[in-house]
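Novice: My questions all concern the structure below.
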Number of protein chains: 2
Amino acid sequence: MPGARGQDGATRRTIRLTIAYQGTRYAGWQWQPDQQSVQGVLERAVRELTGETVRVHGAGRTDARVHALGQVAHFQTDSTIPGVRFADALNSVLPRDIVICESREAPDHFHARYSATRKQYRYLIDVSSRRLPWLQDLVWHLPGSFDVAAMHAAGQCLIGRHDFSSFESKSQPDEDSVRTVFHFSVEQRTQAGPWTNNSELVAIDIAADGFLYHMVRSIVGTLVKVAHGRWKADDVRRVLHCRDRSQAGPTAPPQGLYLVCVNYDEPAHDTVRPVDQEAAE
Amino acid sequence: MPGARGQDGATRRTIRLTIAYQGTRYAGWQWQPDQQSVQGVLERAVRELTGETVRVHGAGRTDARVHALGQVAHFQTDSTIPGVRFADALNSVLPRDIVICESREAPDHFHARYSATRKQYRYLIDVSSRRLPWLQDLVWHLPGSFDVAAMHAAGQCLIGRHDFSSFESKSQPDEDSVRTVFHFSVEQRTQAGPWTNNSELVAIDIAADGFLYHMVRSIVGTLVKVAHGRWKADDVRRVLHCRDRSQAGPTAPPQGLYLVCVNYDEPAHDTVRPVDQEAAE
């Protein structure tokens, strides 16, 4: 409905948001009865601001305790608030663990989920012996030796178009499990970080045209077996091709996972890119 | 009382702890009536474990919302728990935001506060335009241009033995305000970090034989005026020498401050050193 008229004669617009949140306190992105969800909190914030009851559609349905650096969402509104002003306005009523990084008007046909062409996730593993209190909800703490190069190499077989049933937690038989992975890398930073030597933080980056339920966490849980020397790259290839979830490793815990960014078919300068993405890719 | 006998005939020992904590939920290190303190929670944990009511003495009395990477504390006990086992035992009853990194038996004359010869604090400023939800309780977010080199240079006048009254929040007239600063540096990391480009995180490191109340935060608040181009190095020298708190800049907020480590006169391998301290010094 381009330029549709609302009931009070205002023009309905689509507002696109880029959102960062810490998922620790939430049952996940998606609205759930009797539980705090990021979507629910955002919808309440829009209602507080505009008086409208809207549905906020997110690009990725992140799980409980999963975070986002650049979740994208949209909603439709009859309000007269300029698109770019929604970020500050929403931030003024949102809790501190949800931040609107950017807001703007989008074309009417824009849909945060269905228009997305690429999503990137990052998984952080802290391999240091020391457990830092403030990282407990932000990383998977796995102290001990960790073969980053073997994990990186073993994960390269995931790149391309595959049936990822082996890495899907609840396979819905009528749903397509084929996805295209564009990028997979495992990197251990060598520079000193703010609290620890960053070389003790392992970042696993994966980009695809879409992700199945628990796909990143199943892949991470499986590849950790390689990092720990218990599996070889051939085992990962075998798991991928057998399309059987029971053959893969365990699902990694949620708190290490971040939805980094969502891309759409649009000019590059419109794309939300974290500043360190160049280094990661 | 070396080897003193407790009332049940056990030998009283001094246990030394190295502690990391996120200060967000606490009114500070020090016990306070009707408020959660790190000291109070630790004393409760020791009581739960040993049945003893002890005083846990900390090296530094960190303020509300201030964190520690390597706070040192000690207490005396008649229990038979081996010194090195206290870490795991206490961690099993402590909340997640307090972690005992190390425990061991110390000489009877050891006192976490009075035996300390050097303390190191770090202050983290996030100068990126983006506000990350999970860093809000862990850094001071000061978006905008920030002259790290000017701040570093201006702070060098602090090194040495000085009366730091200008950087003391509540001057107690009968207390000595002379301290010796061993190290001062401001560094902006250039490598990519786990969530952001680390070059947007500024780390201010300061080591001294002791610190006055709010001393680090007053120094940071003052030197930010230099980083923002409003003051020159000469202004900092003038403030230092006038011994008047009203001449200095504001007190920086607590959440960017970390007690990094406490040193004692002992062999180097006994000293708690964060892995990135070499880079910082």
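Chain labels run A, B, ... following the order of the structure tokens; each chain numbers its residues from 1, and ligands are numbered from 1 in the order shown.
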Name the residues in contact with region 203-214 of chain B at a cut-off of 7 Å, using only C-alpha atoms, excluding same-chain residues fewer than 5 positions from it; report them as a list in words.

Specialist: Pro194 of chain A; Thr117, Arg118, Lys119, Gln120, Tyr121, Arg122, Tyr123, Leu124, Ile125, Glu168, Ser169, Lys170, Ser177, Arg179, Thr180, Val181, Phe182, His183, Phe184, Ser185, Val186, Glu187 and Gln188 of chain B

Novice: Which residues come within 8 Å of Gln36 (chain A), counting only C-alpha atoms, excluding same-chain residues fewer than 3 positions away, as a list in words?

Specialist: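 That gives Arg25, Tyr26, Ala27, Gly28, Trp31, Gln32, Gly40 and Val41 of chain A.
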
Novice: Include C-alpha atoms and write out the residues we just selected as a short mmCIF file (atom, residue, chain, number, x, y, z; two decimals), in the first residue's frame.

Specialist:
```
data_model
loop_
_atom_site.label_atom_id
_atom_site.label_comp_id
_atom_site.auth_asym_id
_atom_site.auth_seq_id
_atom_site.Cartn_x
_atom_site.Cartn_y
_atom_site.Cartn_z
CA ARG A 25 17.07 -10.81 29.98
CA TYR A 26 14.86 -11.87 27.09
CA ALA A 27 13.12 -15.06 26.03
CA GLY A 28 14.34 -14.21 22.53
CA TRP A 31 6.81 -12.30 21.20
CA GLN A 32 5.76 -14.96 23.70
CA GLY A 40 7.34 -7.26 22.67
CA VAL A 41 9.40 -4.53 24.30
#
```

Novice: One decimal, in Å: what's the spacing between CA of Cys261 (chain A) and CA of Gln22 (chain A)?

Specialist: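 Those two atoms sit 14.7 Å apart.
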
Novice: Taking 4 positions as the minimum chain separation for residues in the same chain, which residues sit within 10 Å of Ala59 (chain A) when counting only C-alpha atoms? Answer as a compact mmCIF listing (two decimals) with C-alpha atoms, in the first residue's frame.

Specialist:
```
# COMPACT_ATOMS: atom_id res chain seq x y z
CA TRP A 29 13.33 -11.89 19.73
CA GLY A 70 22.67 -5.18 13.87
CA GLN A 71 19.23 -6.79 13.91
CA VAL A 72 16.95 -5.15 11.34
CA ALA A 73 13.22 -4.70 11.87
CA HIS A 74 10.36 -2.76 10.35
CA HIS A 111 10.16 -6.42 4.73
CA ALA A 112 12.94 -6.94 7.30
CA ARG A 113 12.70 -10.71 7.04
CA TYR A 114 11.57 -11.48 3.51
CA SER A 115 13.66 -8.82 1.78
CA ALA A 116 16.88 -9.95 3.50
CA LYS A 119 22.66 -12.47 7.39
CA GLY A 210 19.33 -17.69 5.79
CA LEU A 259 23.37 -11.40 14.93
CA CYS A 261 24.17 -7.64 10.39
CA VAL A 262 21.48 -8.20 7.81
CA ASN A 263 21.97 -7.23 4.19
```

Novice: Go through region 2-168 of chain A and collect every residue that DSSP, computed from the backbone, puts in helix (DSSP H, G or I); the answer should be as a PyMOL selection string.

Specialist: chain A and resi 23-25+38-50+83-91+133-135+148-158+165-167

Novice: Rounded to one decimal, what separation in Å do you get between CA of Thr18 (chain B) and CA of Asp63 (chain B)?

Specialist: 17.7 Å

Novice: Applying 9 Å and only C-alpha atoms, which residues near Gly144 (chain B) remain after dropping the ones on its own chain fewer than 3 positions away? List them as a PyMOL selection string.

Specialist: chain B and resi 127-129+228

Novice: Just C-alpha atoms for this one: save the residues we selected as a compact mmCIF listing (two decimals), in the first residue's frame.

Specialist:
```txt
# COMPACT_ATOMS: atom_id res chain seq x y z
CA VAL B 127 34.67 6.96 21.85
CA SER B 128 32.63 5.29 19.12
CA SER B 129 29.37 6.84 17.99
CA HIS B 228 38.52 17.26 23.87
```

Novice: Go through region 148-256 of chain A and collect every residue that DSSP, computed from the backbone, puts in strand (DSSP E); the answer should be as a PyMOL selection string.

Specialist: chain A and resi 160-163+178-188+201-208

Novice: Give me the residues within 10 Å of Ser92 (chain B) as a PyMOL selection string, counting only C-alpha atoms and dropping any in the same chain fewer than 6 places off.

Specialist: chain B and resi 45+49+86+99-100

Novice: For Arg243 (chain B), find every residue with an atom within 12 Å (counting only C-alpha atoms), except residues of its own chain fewer than 6 positions away, and show them as number ranges by chain.

Specialist: B: 162-169, 171, 177-178, 236-237

Novice: Any idea what the distance is between CA of Leu69 (chain B) and CA of Gln30 (chain B)?

Specialist: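 Computing it gives 16.8 Å between the two atoms.
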